[in-house]
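Before any comments, here is the structure.
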Amino acid sequence: MTDRDARWLAATMHTAFFLLLVASIVRFLDHHHGEPAAPWVIALTGCLAAVYAVGLVLRVTGPEQVTVPYLAWLTVVTVLWVVLVLLAPSFAWCAVPLFVTGLRTLPTGPALVLVTLVTALVVLSQNRLASGFDPNLTIVPVAVAAVTAAVITYLRRQAVRLRETERRAGMLDERQRLSREIHDALAQGLSSQAMLLQAADRAWADPDLAREHLHAAQQIGTRNLAEARGLVQDLAPADLDGHSVEEALRNVAEREPRPVRVQVDGPARPLPSRVQSTLVRIAQGALANAREHADASGVALTLTYLDDEVVLDITDDGRGFDPAAPSAEGRGHGLPAMRARATQLGGRLTVESAPGQGTAVSAAIPLGPSHV
């Protein structure tokens, strides 16, 4: 149940209680105005209304909250109501909003005990009012209480199940997001580092060249450490720390073993942080795919600013592949991760490739208020 629905239900129950309280005192005064207990009934009605109203003003009856002030308030209200019912059985029907409120807030066990006791008192008071045993006045209150208790208990348990389902779905989304972050950030750096270390090993006879490769691998390792810290903190790409998205994309390109040409088209403008992070992660993933699978001699990365969207294109002249093949989306996390990132922001990812003709990956992200 949403907060708005819970507030609506609470307002309805509180209003019903006051209406039933007024109807009960009017009926009592109409039938028993001259009785000796009348002043006590009037005084207790006023006390009950005042205590109930004080609880509303102090907000001790917040939806699905069980606190010490709330328990004290509910106890006082229930005791006053019980005394009133013993003096004037016509107040019995004020029990309905009372046990609905208890069912909504108390744990299931105590709530059902409260409903049972309240229902028993209602049955006794109504049979007293009828001056004898009446099966209808016994069965109807029990049936109303049973149905109400069953419905509210069921709704509470459904709400618990829904929250648990949402929690599990959130955990699954977070795991998938972490998987994409690790693939696009750390895996790319580790792959580049491994290639540089292999190159250094092959060039060991040339100390200067080997040292150059080792120095580049060390820089990538430092960048990977920064990425790991970024994942722990807020999962934002380390390349965006203090840099624009254009600078971040150039930094990503400069760490590639093969040359990557970076171009920006259209007037650059500030982008929402989520869009910037998504563009950098997609660039990392696409460049990792080009490095690991395409065997490309050159890669071009183009960032294009349009009126209502920003487009990132990564093209290579590598071996290409068939995007329609069943295994195309199953080569690691690359393409599915990039597609998921674009889709989360309402964008789209398209892949154009063919065996021997290179690959073009294009990510278009709309620029709207939802991405701010």
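Simple scheme: letters A, B, ... for chains in structure tokens order, numbers from 1 for residues in each chain, numbers from 1 for ligands in the order shown.
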Can you pull out every residue within 12 Å of Gly298 in chain A, counting only C-alpha atoms, but drop anything in the same chain fewer than 6 positions away, and send it as JSON, numbers by chain? {"A": [253, 256, 257, 258, 259, 260, 261, 262, 287, 290, 291, 314, 315, 316, 317, 318, 319, 358, 359]}
Let me see the file: selected residues, C-alpha atoms, as an mmCIF file, in the first residue's frame.
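As a result, again15.cif now contains:
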```cif
data_model
loop_
_atom_site.group_PDB
_atom_site.id
_atom_site.type_symbol
_atom_site.label_atom_id
_atom_site.label_comp_id
_atom_site.auth_asym_id
_atom_site.auth_seq_id
_atom_site.Cartn_x
_atom_site.Cartn_y
_atom_site.Cartn_z
ATOM 1 C CA ALA A 253 41.175 6.629 -26.237
ATOM 2 C CA GLU A 256 44.311 2.111 -26.123
ATOM 3 C CA PRO A 257 47.295 0.173 -27.564
ATOM 4 C CA ARG A 258 46.212 1.114 -31.098
ATOM 5 C CA PRO A 259 45.503 4.678 -32.232
ATOM 6 C CA VAL A 260 41.963 5.966 -31.718
ATOM 7 C CA ARG A 261 40.841 9.116 -33.502
ATOM 8 C CA VAL A 262 38.466 11.244 -31.397
ATOM 9 C CA LEU A 287 36.886 -0.019 -27.465
ATOM 10 C CA ALA A 290 37.469 -3.626 -30.847
ATOM 11 C CA ARG A 291 40.716 -4.447 -29.071
ATOM 12 C CA ILE A 314 32.653 3.968 -32.420
ATOM 13 C CA THR A 315 33.819 2.461 -35.724
ATOM 14 C CA ASP A 316 36.713 0.142 -36.480
ATOM 15 C CA ASP A 317 38.226 -1.460 -39.594
ATOM 16 C CA GLY A 318 38.551 -4.891 -37.992
ATOM 17 C CA ARG A 319 37.347 -8.326 -38.991
ATOM 18 C CA GLY A 358 34.547 -3.720 -39.635
ATOM 19 C CA THR A 359 32.045 -2.717 -36.968
#
```
Exercise: range 107-111 of chain A partners within 12 Å, only C-alpha atoms, chain neighbours under 2 positions left out, as an mmCIF file with N, CA and C atoms, in the first residue's frame:
```
data_model
loop_
_atom_site.group_PDB
_atom_site.id
_atom_site.type_symbol
_atom_site.label_atom_id
_atom_site.label_comp_id
_atom_site.auth_asym_id
_atom_site.auth_seq_id
_atom_site.Cartn_x
_atom_site.Cartn_y
_atom_site.Cartn_z
ATOM 1 N N GLU A 64 1.107 2.325 9.745
ATOM 2 C CA GLU A 64 1.999 1.197 9.927
ATOM 3 C C GLU A 64 3.174 1.536 10.841
ATOM 4 N N GLN A 65 2.909 2.332 11.882
ATOM 5 C CA GLN A 65 3.932 2.645 12.860
ATOM 6 C C GLN A 65 3.465 2.160 14.226
ATOM 7 N N VAL A 66 4.343 1.489 14.967
ATOM 8 C CA VAL A 66 4.044 1.036 16.319
ATOM 9 C C VAL A 66 5.095 1.641 17.229
ATOM 10 N N THR A 67 4.696 2.653 17.999
ATOM 11 C CA THR A 67 5.599 3.323 18.914
ATOM 12 C C THR A 67 4.974 3.321 20.296
ATOM 13 N N LEU A 71 1.012 3.053 21.270
ATOM 14 C CA LEU A 71 0.449 1.997 22.116
ATOM 15 C C LEU A 71 -0.285 2.592 23.315
ATOM 16 N N LEU A 74 -3.599 4.039 21.969
ATOM 17 C CA LEU A 74 -4.557 2.989 21.630
ATOM 18 C C LEU A 74 -5.126 2.343 22.883
ATOM 19 N N LEU A 98 -11.932 1.040 15.297
ATOM 20 C CA LEU A 98 -10.890 0.758 16.286
ATOM 21 C C LEU A 98 -10.103 -0.491 15.917
ATOM 22 N N PHE A 99 -10.822 -1.592 15.615
ATOM 23 C CA PHE A 99 -10.024 -2.781 15.333
ATOM 24 C C PHE A 99 -9.423 -2.762 13.931
ATOM 25 N N VAL A 100 -9.961 -1.967 13.019
ATOM 26 C CA VAL A 100 -9.285 -1.794 11.731
ATOM 27 C C VAL A 100 -7.957 -1.064 11.927
ATOM 28 N N THR A 101 -7.981 -0.023 12.776
ATOM 29 C CA THR A 101 -6.742 0.696 13.079
ATOM 30 C C THR A 101 -5.731 -0.222 13.741
ATOM 31 N N GLY A 102 -6.200 -1.061 14.683
ATOM 32 C CA GLY A 102 -5.294 -2.004 15.322
ATOM 33 C C GLY A 102 -4.726 -3.014 14.357
ATOM 34 N N LEU A 103 -5.569 -3.524 13.457
ATOM 35 C CA LEU A 103 -5.103 -4.504 12.472
ATOM 36 C C LEU A 103 -4.045 -3.915 11.541
ATOM 37 N N ARG A 104 -4.169 -2.628 11.217
ATOM 38 C CA ARG A 104 -3.220 -1.994 10.299
ATOM 39 C C ARG A 104 -1.861 -1.766 10.932
ATOM 40 N N THR A 105 -1.830 -1.604 12.249
ATOM 41 C CA THR A 105 -0.600 -1.149 12.876
ATOM 42 C C THR A 105 0.053 -2.170 13.799
ATOM 43 N N VAL A 113 -5.755 -10.713 18.707
ATOM 44 C CA VAL A 113 -6.259 -10.786 20.093
ATOM 45 C C VAL A 113 -7.176 -9.600 20.373
ATOM 46 N N LEU A 114 -6.740 -8.397 19.947
ATOM 47 C CA LEU A 114 -7.565 -7.205 20.152
ATOM 48 C C LEU A 114 -8.905 -7.345 19.431
ATOM 49 N N VAL A 115 -8.888 -7.818 18.197
ATOM 50 C CA VAL A 115 -10.129 -7.984 17.437
ATOM 51 C C VAL A 115 -11.049 -8.997 18.120
ATOM 52 N N THR A 116 -10.487 -10.084 18.620
ATOM 53 C CA THR A 116 -11.304 -11.110 19.284
ATOM 54 C C THR A 116 -11.990 -10.551 20.522
ATOM 55 N N LEU A 117 -11.239 -9.833 21.355
ATOM 56 C CA LEU A 117 -11.813 -9.273 22.583
ATOM 57 C C LEU A 117 -12.865 -8.209 22.263
ATOM 58 N N VAL A 118 -12.556 -7.352 21.291
ATOM 59 C CA VAL A 118 -13.497 -6.297 20.916
ATOM 60 C C VAL A 118 -14.779 -6.910 20.348
ATOM 61 N N ALA A 145 -16.143 -9.024 11.762
ATOM 62 C CA ALA A 145 -14.784 -8.990 12.312
ATOM 63 C C ALA A 145 -13.882 -9.974 11.588
ATOM 64 N N THR A 148 -13.107 -8.659 7.997
ATOM 65 C CA THR A 148 -12.215 -7.504 8.063
ATOM 66 C C THR A 148 -10.804 -7.922 8.446
ATOM 67 N N ALA A 149 -10.701 -8.793 9.463
ATOM 68 C CA ALA A 149 -9.376 -9.255 9.898
ATOM 69 C C ALA A 149 -8.674 -10.020 8.784
ATOM 70 N N ALA A 150 -9.425 -10.881 8.079
ATOM 71 C CA ALA A 150 -8.817 -11.670 7.013
ATOM 72 C C ALA A 150 -8.327 -10.781 5.875
ATOM 73 N N ILE A 152 -7.574 -7.469 5.875
ATOM 74 C CA ILE A 152 -6.467 -6.583 6.235
ATOM 75 C C ILE A 152 -5.183 -7.382 6.457
ATOM 76 N N THR A 153 -5.295 -8.563 7.087
ATOM 77 C CA THR A 153 -4.106 -9.403 7.276
ATOM 78 C C THR A 153 -3.535 -9.829 5.923
ATOM 79 N N TYR A 154 -4.430 -10.197 5.004
ATOM 80 C CA TYR A 154 -3.982 -10.587 3.667
ATOM 81 C C TYR A 154 -3.273 -9.418 2.974
ATOM 82 N N LEU A 155 -3.848 -8.219 3.057
ATOM 83 C CA LEU A 155 -3.243 -7.058 2.409
ATOM 84 C C LEU A 155 -1.884 -6.730 3.022
ATOM 85 N N ARG A 156 -1.774 -6.872 4.340
ATOM 86 C CA ARG A 156 -0.489 -6.605 4.984
ATOM 87 C C ARG A 156 0.567 -7.590 4.506
ATOM 88 N N ARG A 157 0.195 -8.859 4.433
ATOM 89 C CA ARG A 157 1.158 -9.866 3.994
ATOM 90 C C ARG A 157 1.527 -9.669 2.524
#
```
I want to know what sits within 12 Å of Leu29 in chain A, based on only C-alpha atoms, with residues of the same chain fewer than 4 positions away left out; could you give that as a PyMOL selection string? chain A and resi 22-25+33-42+45+88+90-91
